[in-house]
There are 2 protein chains.
Amino acid sequence: MTVRIGFIGLGIMGRPMGLNLIKAAYPLSVYARRPDMMEALTHQGATACECPQEVASQSDVIITMVSDTPDVEHVILGEKGIIHGAQADSVVIDMSTISPSATRRIAETLSKQGIQMLDAPVSGGEQGAIDGALSIMVGGKEEIFQRVLPIFEVLGKNIVHTGGHGAGQVTKACNQIVIAQTLVAISEAFILAKVSGVDPAKVRAALLGGFAGSRVLETHGQRILDHNFEPGFKARLHQKDMRISMEAAHEMGIALPGAALATQQLNALIGEGLGEEDSSALATILERVSGITI
Amino acid sequence: MTVRIGFIGLGIMGRPMGLNLIKAAYPLSVYARRPDMMEALTHQGATACECPQEVASQSDVIITMVSDTPDVEHVILGEKGIIHGAQADSVVIDMSTISPSATRRIAETLSKQGIQMLDAPVSGGEQGAIDGALSIMVGGKEEIFQRVLPIFEVLGKNIVHTGGHGAGQVTKACNQIVIAQTLVAISEAFILAKVSGVDPAKVRAALLGGFAGSRVLETHGQRILDHNFEPGFKARLHQKDMRISMEAAHEMGIALPGAALATQQLNALIGEGLGEEDSSALATILERVSGITI
């Protein structure tokens, strides 16, 4: 029997992910707050629903792809939420990036009604979503992960199950703090090069061949050199992800000084009104501070 | 006519580099402060000298591979230094990692006597030196770079000429600040994972496949997971390199907050008496602060 999928949240990421599921011949029920957001999918055969509860009532697997922790809590546990429509042993897969501890609480609430949950945040941005090439970091029970793995394989390429409930969100938080700090690092390297009369493009090329090489230096490094901050991945979303890490550090009583510093740079970037730019625009904050244009 | 090479400084890096030059059939004159350091090379046919001046007097190209700015100034410009023995149009290649501004001053002093200079610091560590696989970052005149390129090709694989005098040192400084900050970033990611009950090894594997992937995560990440801090690249040398970057930031009037933070972690590591360990032992400082063992 074909697995029936529900999809809630049809933004920049959710829409192409939903389209890939339709292409893979999954029957799809969809819900988005703004009805016009559903059209791209209903034109391809998806069924529009009035609320998350309705989506859940006609789905075996319900994927949520919304903005932040309160949004996930609302569509899963709120009035007309998934919990009121989902059948026992159906699976809720939250692919949003939200708080690990909130994820564990939601999973526990769902489990009391026999509803399974996985947290499965992604990285790879809009292009990764379109290409079905996302990295997917999954937390939850191994057997449930195996059950829905064919669905993940439609959406992504680098699919890793890292532990129990919340582990996917923790892994995503780790991913985001590493990327943010690498952005700070290469921005500083380019500023040091520029002020010293050395071409930052040559520094990028030299570093790529050695131990300082990274995907961030390769892709975001080129964006920074070009001052091309077309997203990509929006700074305001990266800031939100860093807030989640900072909250986790606070809850857990650990010090993440490098992540905190990068968060402050992103805060300043948002304050400059540049939240819609790619998060690599963080380099411009360091440029301003030192009066240097890379 | 075969180029005669002089080599000054036969430590962990200099000795295998010198041996590779002998294997490539270059006649080699050597000098080290401690005479016993020369034996490995004289046994292979190198000529031992009494001082840098003597090395220079019998060489067309003189390579220096010593610890820090004052050491380079001493062996090049000091009493019995290279400048007193080198012939006009000979080439001094400083492969130490030192201050870019001091490099420019040394090059200027040498040029007044018609002696050419390149700065050519390396990365890749002892293993890279042994394998002839170093990354070499070169500053100085293009024509001089081309003239000695065959020598660089014996010593390294990723050889990049990034600009005029000092550009190699600037590039190396950029390299070191990126690596140090990436070390902080992945240490924090592993601490966040561990405290959250997620296996840091799984986080490393997950991140390697995506945008957070880097050479540092791959190699140093594994060292940190294993708590294997056998160098590699010694923390006290990384600290020295960061001091050079911090001095450059001070001289140039630029802010490098992320590099400064990583420098402080390295300072604390040295203060703990761990300067002889691999610089990835920086992770242990973050572990101690939060009372977490990765």
# chains A, B, ... in the order shown; residues from 1 in each chain; ligands from 1
>>> residues_around(residues="stretch 103-110 of chain A", least_positions_apart="6", cutoff="7 Å", atoms="only C-alpha atoms", output="MDAnalysis selection string")
chainID A and resid 83 116:117 165:166
>>> write_last_selection(atoms="N, CA and C atoms", output="PDB file, in the first residue's frame")
ATOM      1  N   ILE A  83      -1.948  16.552  16.104  1.00  0.00           N
ATOM      2  CA  ILE A  83      -2.238  15.578  17.159  1.00  0.00           C
ATOM      3  C   ILE A  83      -3.722  15.210  17.215  1.00  0.00           C
ATOM      4  N   GLN A 116       4.202   8.441  16.331  1.00  0.00           N
ATOM      5  CA  GLN A 116       5.657   8.445  16.252  1.00  0.00           C
ATOM      6  C   GLN A 116       6.156   9.815  15.809  1.00  0.00           C
ATOM      7  N   MET A 117       7.394  10.134  16.169  1.00  0.00           N
ATOM      8  CA  MET A 117       7.966  11.404  15.677  1.00  0.00           C
ATOM      9  C   MET A 117       9.440  11.229  15.351  1.00  0.00           C
ATOM     10  N   HIS A 165      15.296  11.171  19.996  1.00  0.00           N
ATOM     11  CA  HIS A 165      14.548  12.408  19.771  1.00  0.00           C
ATOM     12  C   HIS A 165      15.404  13.643  20.070  1.00  0.00           C
ATOM     13  N   GLY A 166      15.441  14.575  19.155  1.00  0.00           N
ATOM     14  CA  GLY A 166      16.200  15.816  19.323  1.00  0.00           C
ATOM     15  C   GLY A 166      17.593  15.752  18.708  1.00  0.00           C
TER      16      GLY A 166
END
>>> residues_around(residues="B:Ser196", least_positions_apart="4", cutoff="10 Å", atoms="only C-alpha atoms", output="number ranges by chain")
A: 100-101, 166-167, 170-171, 248-249, 252; B: 190-192, 200
>>> atom_distance(atom1="atom CA of A:Ile22", atom2="atom CA of A:Val61")
14.0 Å
>>> closest_residue(among="B:Gly258, B:Gly45, B:Pro121, B:Gly6", to="B:Tyr31", atoms="only C-alpha atoms")
B:Gly6
>>> residues_around(residues="A:Gln176", least_positions_apart="4", cutoff="10 Å", atoms="only C-alpha atoms", output="mmCIF file with N, CA, C and O atoms, in the first residue's frame")
data_model
loop_
_atom_site.group_PDB
_atom_site.id
_atom_site.type_symbol
_atom_site.label_atom_id
_atom_site.label_comp_id
_atom_site.auth_asym_id
_atom_site.auth_seq_id
_atom_site.Cartn_x
_atom_site.Cartn_y
_atom_site.Cartn_z
ATOM 1 N N SER A 123 20.013 20.654 5.712
ATOM 2 C CA SER A 123 20.816 21.777 5.211
ATOM 3 C C SER A 123 21.032 21.568 3.725
ATOM 4 O O SER A 123 20.845 20.474 3.210
ATOM 5 N N VAL A 170 19.988 18.700 17.340
ATOM 6 C CA VAL A 170 21.309 18.970 17.919
ATOM 7 C C VAL A 170 22.366 18.987 16.807
ATOM 8 O O VAL A 170 23.222 19.877 16.757
ATOM 9 N N THR A 171 22.284 18.016 15.911
ATOM 10 C CA THR A 171 23.248 17.939 14.814
ATOM 11 C C THR A 171 23.140 19.179 13.926
ATOM 12 O O THR A 171 24.162 19.745 13.510
ATOM 13 N N LYS A 172 21.920 19.610 13.667
ATOM 14 C CA LYS A 172 21.734 20.811 12.849
ATOM 15 C C LYS A 172 22.321 22.032 13.563
ATOM 16 O O LYS A 172 22.975 22.871 12.940
ATOM 17 N N ALA A 180 28.705 29.229 10.829
ATOM 18 C CA ALA A 180 28.762 30.651 11.211
ATOM 19 C C ALA A 180 30.188 31.049 11.595
ATOM 20 O O ALA A 180 30.693 32.106 11.181
ATOM 21 N N GLN A 181 30.852 30.187 12.367
ATOM 22 C CA GLN A 181 32.213 30.522 12.797
ATOM 23 C C GLN A 181 33.195 30.462 11.636
ATOM 24 O O GLN A 181 34.159 31.232 11.591
ATOM 25 N N THR A 182 32.952 29.552 10.710
ATOM 26 C CA THR A 182 33.835 29.501 9.539
ATOM 27 C C THR A 182 33.646 30.760 8.688
ATOM 28 O O THR A 182 34.615 31.287 8.121
ATOM 29 N N HIS A 238 19.669 32.057 9.596
ATOM 30 C CA HIS A 238 20.883 31.626 10.292
ATOM 31 C C HIS A 238 20.894 32.208 11.710
ATOM 32 O O HIS A 238 21.253 31.526 12.678
ATOM 33 N N GLN A 239 20.481 33.474 11.825
ATOM 34 C CA GLN A 239 20.401 34.095 13.160
ATOM 35 C C GLN A 239 19.461 33.314 14.070
ATOM 36 O O GLN A 239 19.767 33.044 15.238
ATOM 37 N N ASP A 241 18.718 30.139 13.824
ATOM 38 C CA ASP A 241 19.364 28.868 14.188
ATOM 39 C C ASP A 241 20.419 29.078 15.274
ATOM 40 O O ASP A 241 20.585 28.229 16.166
ATOM 41 N N MET A 242 21.130 30.200 15.212
ATOM 42 C CA MET A 242 22.133 30.490 16.247
ATOM 43 C C MET A 242 21.453 30.770 17.588
ATOM 44 O O MET A 242 21.975 30.406 18.643
ATOM 45 N N ILE A 244 18.818 29.327 18.603
ATOM 46 C CA ILE A 244 18.510 27.987 19.134
ATOM 47 C C ILE A 244 19.740 27.391 19.826
ATOM 48 O O ILE A 244 19.641 26.832 20.922
ATOM 49 N N SER A 245 20.913 27.546 19.208
ATOM 50 C CA SER A 245 22.152 27.028 19.831
ATOM 51 C C SER A 245 22.461 27.767 21.123
ATOM 52 O O SER A 245 22.902 27.163 22.110
ATOM 53 N N ALA A 259 30.676 30.528 18.995
ATOM 54 C CA ALA A 259 29.327 30.601 18.442
ATOM 55 C C ALA A 259 28.641 31.892 18.885
ATOM 56 O O ALA A 259 27.915 32.526 18.115
ATOM 57 N N ALA B 185 35.383 26.099 16.494
ATOM 58 C CA ALA B 185 34.017 25.806 16.025
ATOM 59 C C ALA B 185 33.676 24.330 16.200
ATOM 60 O O ALA B 185 32.612 23.990 16.742
ATOM 61 N N ALA B 189 31.011 22.431 18.678
ATOM 62 C CA ALA B 189 29.965 21.546 18.139
ATOM 63 C C ALA B 189 29.983 20.211 18.867
ATOM 64 O O ALA B 189 28.930 19.692 19.261
ATOM 65 N N LEU B 207 28.215 16.124 9.524
ATOM 66 C CA LEU B 207 28.641 17.442 9.054
ATOM 67 C C LEU B 207 29.613 17.348 7.880
ATOM 68 O O LEU B 207 29.629 18.221 7.014
ATOM 69 N N PHE B 211 27.643 21.346 4.130
ATOM 70 C CA PHE B 211 28.337 22.626 3.995
ATOM 71 C C PHE B 211 29.302 22.906 5.139
ATOM 72 O O PHE B 211 30.169 23.759 5.014
ATOM 73 N N ALA B 212 29.139 22.205 6.258
ATOM 74 C CA ALA B 212 30.044 22.427 7.389
ATOM 75 C C ALA B 212 31.319 21.596 7.259
ATOM 76 O O ALA B 212 32.185 21.644 8.132
#
